[in-house]
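> Below is one structure. I have some questions about it.
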Amino acid sequence: MIANLPFIAVALLIGIALATILLKKNMIKMVMGLAMLEGAVNLFLVSLGYRENGIAPIFTNAPEGADMVLPTVQALTLTNIVIGVATTALMLVLVMVIYKKYGTVNADKMRRLKE
Amino acid sequence: MNVLFENLPALLIAVPLFCAFLVPIIGRFVPKIRDAWIVLASLASSLTAVITAIIVYTKGTIVYVFGAAAGTPAAPIDSGGIPFRIIFTIDGFGAFMLLSAAIVSFAVVLYLISSQKERSGKSEFYALYLLLTAGIFGMVSTGDLFNFFVFLEINSLAGAALVSYHRRGGIAAEGALKYLIVNTVGGLMVLFSIGILYAQYDSLNMAVIASQISFSTLNIVALVLFITALAMKAGSVPFHFATPDAYSVAPSGITAAMIVASQAGLYGLFRIVFTLYGDIFNTVTIGWVVIILGVLSMVIGVTMAIPQKDVKRLLAYHAVSQTGYMLLGVGVALAVLGDPLAMAAYGQTAMEGGLFHIINHAMYKGLLFLAVGAVIYRTGVWSLNKMGGLGHNMKWTMIFFLIGALAIAGIPPFNGFASKLMIYESVFAFNPALSIIAMVVSILTLASFMKVFHSMFMGPQLPEYAEVKEVPKLMIAGMVILTIFVIGFGLFPDLVVNNLITPAADALINNGAYITAVLGGGL
């Protein structure tokens with residue numbers, strides 16, 4: 001049970017994040033939802049690589065026979081954090097532009113495209 | 001010279017990336033040579049892709065191991081047969097997608113150089129464009145799932161930034177935001193499924209996972225997430241809402257490039273369904289899922305397209321509709337994959353028709369967007385109601401648009417006819433009702449394009465467009481390149497199918513060859 005706790009947290013976070021993206025009208029909150037979704041996926045990846053009492057996967061001066069956490073998933077997480085920063089920044093810039101032009105960040109009120 | 005040829009797959013990414021980051025520097029210090037540099041950069045990246053594709057077609061699958069001496073096997077002996085380096089695996093299908101991306105991206109650059117002349121911020125614009133190219137090339141040539149995700153994100157980010165580049169009173173930003181949100185959610189779903197697969201098989205390499213994958217609930221969850229996410233990227237129904245918004249507000253040349261970008265998502269979908277999951281279960285269910293997605297895309301796309309007034313939005317809905325044909329053809333092949341008799345009778349043809357339609361769509365839809373962009377470039381209006389009589393002054397653009405329109409409607413002798421005929425014939429053998437739907441959609445497409453053609457080019461010359469001139473030569477040149485392929489593929493379909501499409505279809509159907517190419521028959 002205790003070992004599964006991170007995965008339960010991941011499921012909860014994904015649920016909350018998707019609900020935020022789909023239900024919120026405020027575009028800033030939608031971007032926050034996406035950032036949360038990204039955090040949930042990162043948590044999922046890191047907890048996949050976790051080993052109980054594991055040490056950092058550095059072989060220099062490592063004690064004999066110690067368990068190590070998996071390094072690959074951590075590399076994936078790092079990459080995803082970088083990508084996430086770029087995506088979030090671009091989305092916030094777009095929201096900023098929309099606010100400047102339309103004077104609102106409410107997704108329901110920006111329907112100029114549909115006309 | 002030999003070193004260059006040995007490292008072609010690395011150059012595929014390195015050339016556009018390197019050139020992209022040099023563009024702002026060149027634009028800052030020697031703006032005079034910037035345009036020449038961009039054309040050169042795009043020509044170099046497209047040539048790299050074409051040469052790579054030719055090598056794959058003549059010598060077979062390329063497996064390129066990053067950071068290893070030439071000749072090192074992908075799965076070294078001392079690693080226990082597990083490929084731990086980053087690997088590019090380009091087989092027939094990848095080469096085919098590379099070819100289509102290379103042609104369109106070069107034609108679009110010629111067009112953009114001229115159509116963006118008066119705009120500001122050009123250096124960054126072209127840097128993003130080359131990044132988009134690098135993203136597409138990477139997606140279709142990588143053999144590593146995580147790499148695929150990274151290139152997918154490069155593709156989406158560069159695409160969204162390009163869509164919003166000319167803000168047009170905020171609506172471009174609106175379209176780009178929708179596109180980016182949909183693609184980011186899709187990208188994260190892909191990453192989540194990659195995590196699920198990595199947790200079970202300790203590898204990110206597609207060949208390793210494909211050789212070990214088994215039938216389990218977790219794998220099905222991952223498959224469903226993959227299909228959903230990549231259908232989002234490809235813009236098929238029910239995720240079609242972002243596509244028209246983004247396509248209609250993007251600069252015209254960019255929209256043509258985005259067609260190829262979304263087809264890279266289609267590549268990922270087919271690659272995962274066939275290569276990764278091809279062995280493990282009865283593919284009839286998945287085949288029908290793909291078929292239904294395809295039929296819905298065709299019907300909903302074309303019915304939404306007919307009432308549109310904004311000409312680019314109309315074209316964007318037709319893009320959704322045409323994606324349906326590809327899904328239909330490949331879906332039929334997927335549904336009969338387990339049945340060798342049906343596969344030989346019509347499955348193979350359906351597959352080839354679906355794949356042929358991918359490259360045809362990239363050519364004629366690219367041409368249509370460029371032609372419509374040329375009209376908008378000269379007149380500055382998007383609405384069909386305000387256009388008219390432009391055929392008097394823009395003869396070349398009118399001819400190109402007509403060729404594109406006839407090709408998309410499936411009229412001989414253009415390329416759309418060749419691939420649609422293959423799809424009709426084979427799908428009819430599978431299920432006549434589906435084939436009839438496909439034909440009806442095609443007729444509706446023709447009707448819709450006749451309306452567009454008439455309201456744009458026909459009729460008396462309108463006084464407000466009396467001063468309109470033909471577009472500059474470079475824009476014409478971009479359209480000519482695509483026209484050559486639209487007509488050439490239509491006149492010699494057998495040649496194209498035998499030399500380009502059949503190897504691509506075989507590469508997908510026979511996933512054992514893909515695994516053996518990477519793992520060398522071990523494991």
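Note on naming: chains are A, B, ... as they come in the structure tokens, residues start from 1 per chain, ligands start from 1 in the order shown.
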Select residues of chain B: the criterion is any atom within 10 Å of an atom of chain A, counting only C-alpha atoms; output as a PyMOL selection string.
chain B and resi 146-147+149-150+153-154+156-157+160-161+164+167-178+180-181+184-185+187-189+191-196+198-200+202-204+244-246+248-249+309-310+313
> Which residues, written as a PyMOL selection string, have at least one atom at most 7 Å from Met68 of chain A, with only C-alpha atoms counted and residues fewer than 4 positions away on the same chain left out?
chain A and resi 51+54-57
> Any chance you can output those residues with C-alpha atoms as a PDB file, in the first residue's frame?

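out.pdb, written as the output of this step:
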```
ATOM      1  CA  ARG A  51      13.894   1.548  -5.297  1.00  0.00           C
ATOM      2  CA  GLY A  54      18.168   3.115  -3.186  1.00  0.00           C
ATOM      3  CA  ILE A  55      21.116   5.459  -3.539  1.00  0.00           C
ATOM      4  CA  ALA A  56      21.956   7.871  -6.326  1.00  0.00           C
ATOM      5  CA  PRO A  57      23.130   5.924  -9.410  1.00  0.00           C
TER       6      PRO A  57
END
```
> Among segment 337-458 of chain B, which ones does DSSP assign to helix (DSSP H, G or I) (computed from the backbone)? Answer as a PyMOL selection string.
chain B and resi 340-379+384-386+390-392+395-408+415-430+432-457
> Taking only C-alpha atoms into account, which of A:Val82, A:Thr104, A:Ala89, A:Pro71 comes nearest Met32 of chain A?
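Closest to Met32 of chain A, using only C-alpha atoms: A:Ala89.
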> For Thr397 of chain B, list every protein, DNA or RNA residue within 8 Å, evaluated using only C-alpha atoms, and leave out those in the same chain fewer than 3 positions away; present the list as a list of chain:residue names.
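Skipping anything fewer than 3 positions along the chain leaves B:Ala371, B:Ala374, B:Val375, B:Met394, B:Phe400, B:Phe401, B:Glu470, B:Val471, B:Ile476.
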> Can you spit out the residues from that selection as a PDB file, in the first residue's frame, using C-alpha atoms?

```pdb
ATOM      1  CA  ALA B 371      -2.701  29.140 -53.956  1.00  0.00           C
ATOM      2  CA  ALA B 374      -1.440  33.858 -52.879  1.00  0.00           C
ATOM      3  CA  VAL B 375      -4.952  35.237 -53.302  1.00  0.00           C
ATOM      4  CA  MET B 394      -4.220  35.923 -61.325  1.00  0.00           C
ATOM      5  CA  PHE B 400      -2.699  25.945 -59.615  1.00  0.00           C
ATOM      6  CA  PHE B 401      -5.816  26.154 -57.483  1.00  0.00           C
ATOM      7  CA  GLU B 470      -0.096  38.048 -60.216  1.00  0.00           C
ATOM      8  CA  VAL B 471       2.046  37.000 -57.227  1.00  0.00           C
ATOM      9  CA  ILE B 476       4.861  30.685 -58.209  1.00  0.00           C
TER      10      ILE B 476
END
```
> State, in Å with one decimal place, the distance from atom CA of Glu464 of chain B to atom CA of Asn393 of chain B.
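Atom CA of Asn393 of chain B lies at a distance of 12.2 Å from atom CA of Glu464 of chain B.
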> Quick one: residues within 12 Å of segment 294-300 of chain B, only C-alpha atoms counted, chain neighbours fewer than 5 positions away excluded, as a PyMOL selection string?
chain B and resi 231-232+234-241+266+287-289+305-306+317-332+354+427+433-445
> Please list as a list in words every residue within 12 Å of Ala10 of chain B, counting only C-alpha atoms and excluding residues in the same chain fewer than 6 positions away.
Val3, Leu4, Pro16, Leu17, Phe18, Ser45, Thr48, Ala49, Thr52, Ile62, Val63, Tyr64, Val65, Phe66, Gly67, Ala68, Ile86, Ile87, Phe88, Thr89, Ile90, Ala134, Phe137, Gly138, Ser141 and Thr142 of chain B
> Export, as a PDB file, in the first residue's frame, the selected residues with C-alpha atoms.

```pdb
ATOM      1  CA  VAL B   3      31.981  10.514 -43.282  1.00  0.00           C
ATOM      2  CA  LEU B   4      28.990  12.595 -44.341  1.00  0.00           C
ATOM      3  CA  PRO B  16      18.136  22.079 -39.795  1.00  0.00           C
ATOM      4  CA  LEU B  17      18.934  22.674 -36.099  1.00  0.00           C
ATOM      5  CA  PHE B  18      22.337  24.229 -36.786  1.00  0.00           C
ATOM      6  CA  SER B  45      18.064  19.708 -45.029  1.00  0.00           C
ATOM      7  CA  THR B  48      19.799  15.224 -46.684  1.00  0.00           C
ATOM      8  CA  ALA B  49      16.333  13.770 -46.226  1.00  0.00           C
ATOM      9  CA  THR B  52      18.647   9.274 -46.809  1.00  0.00           C
ATOM     10  CA  ILE B  62      19.277   2.214 -41.859  1.00  0.00           C
ATOM     11  CA  VAL B  63      20.043   1.678 -38.186  1.00  0.00           C
ATOM     12  CA  TYR B  64      22.151   4.532 -36.915  1.00  0.00           C
ATOM     13  CA  VAL B  65      23.651   4.381 -33.429  1.00  0.00           C
ATOM     14  CA  PHE B  66      24.460   7.770 -31.941  1.00  0.00           C
ATOM     15  CA  GLY B  67      27.850   8.196 -30.302  1.00  0.00           C
ATOM     16  CA  ALA B  68      29.249   4.855 -31.416  1.00  0.00           C
ATOM     17  CA  ILE B  86      20.024   6.473 -28.858  1.00  0.00           C
ATOM     18  CA  ILE B  87      19.129   4.830 -32.136  1.00  0.00           C
ATOM     19  CA  PHE B  88      17.636   6.101 -35.359  1.00  0.00           C
ATOM     20  CA  THR B  89      15.846   3.421 -37.341  1.00  0.00           C
ATOM     21  CA  ILE B  90      14.724   4.512 -40.794  1.00  0.00           C
ATOM     22  CA  ALA B 134      13.824  19.250 -37.644  1.00  0.00           C
ATOM     23  CA  PHE B 137      12.361  14.721 -39.655  1.00  0.00           C
ATOM     24  CA  GLY B 138      13.135  13.518 -36.128  1.00  0.00           C
ATOM     25  CA  SER B 141      13.241   8.644 -38.290  1.00  0.00           C
ATOM     26  CA  THR B 142      13.778   7.902 -34.624  1.00  0.00           C
TER      27      THR B 142
END
```
> For a test of reading the model, state the distance in Å between atom CA of Lys24 of chain A and atom CA of Lys233 of chain B, rounded to one decimal.
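Straight-line distance from atom CA of Lys24 of chain A to atom CA of Lys233 of chain B works out to 22.9 Å.
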> What does the structure give for the distance between atom CA of Ser105 of chain B and atom CA of Ala257 of chain B, in Å to one decimal?
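Atom CA of Ala257 of chain B lies at a distance of 6.1 Å from atom CA of Ser105 of chain B.
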> From a DSSP pass on the backbone, collect the residues of chain A flagged as strand (DSSP E or B) and hand them back as a list in words.
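Here are the strand (DSSP E or B) residues of chain A: Asn26, Ile55, Met68 and Asn106 of chain A.
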> Can you list, as a PyMOL selection string, every protein, DNA or RNA residue that comes within 12 Å of Ala20 of chain B when you count only C-alpha atoms, leaving out same-chain residues fewer than 3 positions away?
chain B and resi 13-17+23-27+34+37-42+45+123-135+158
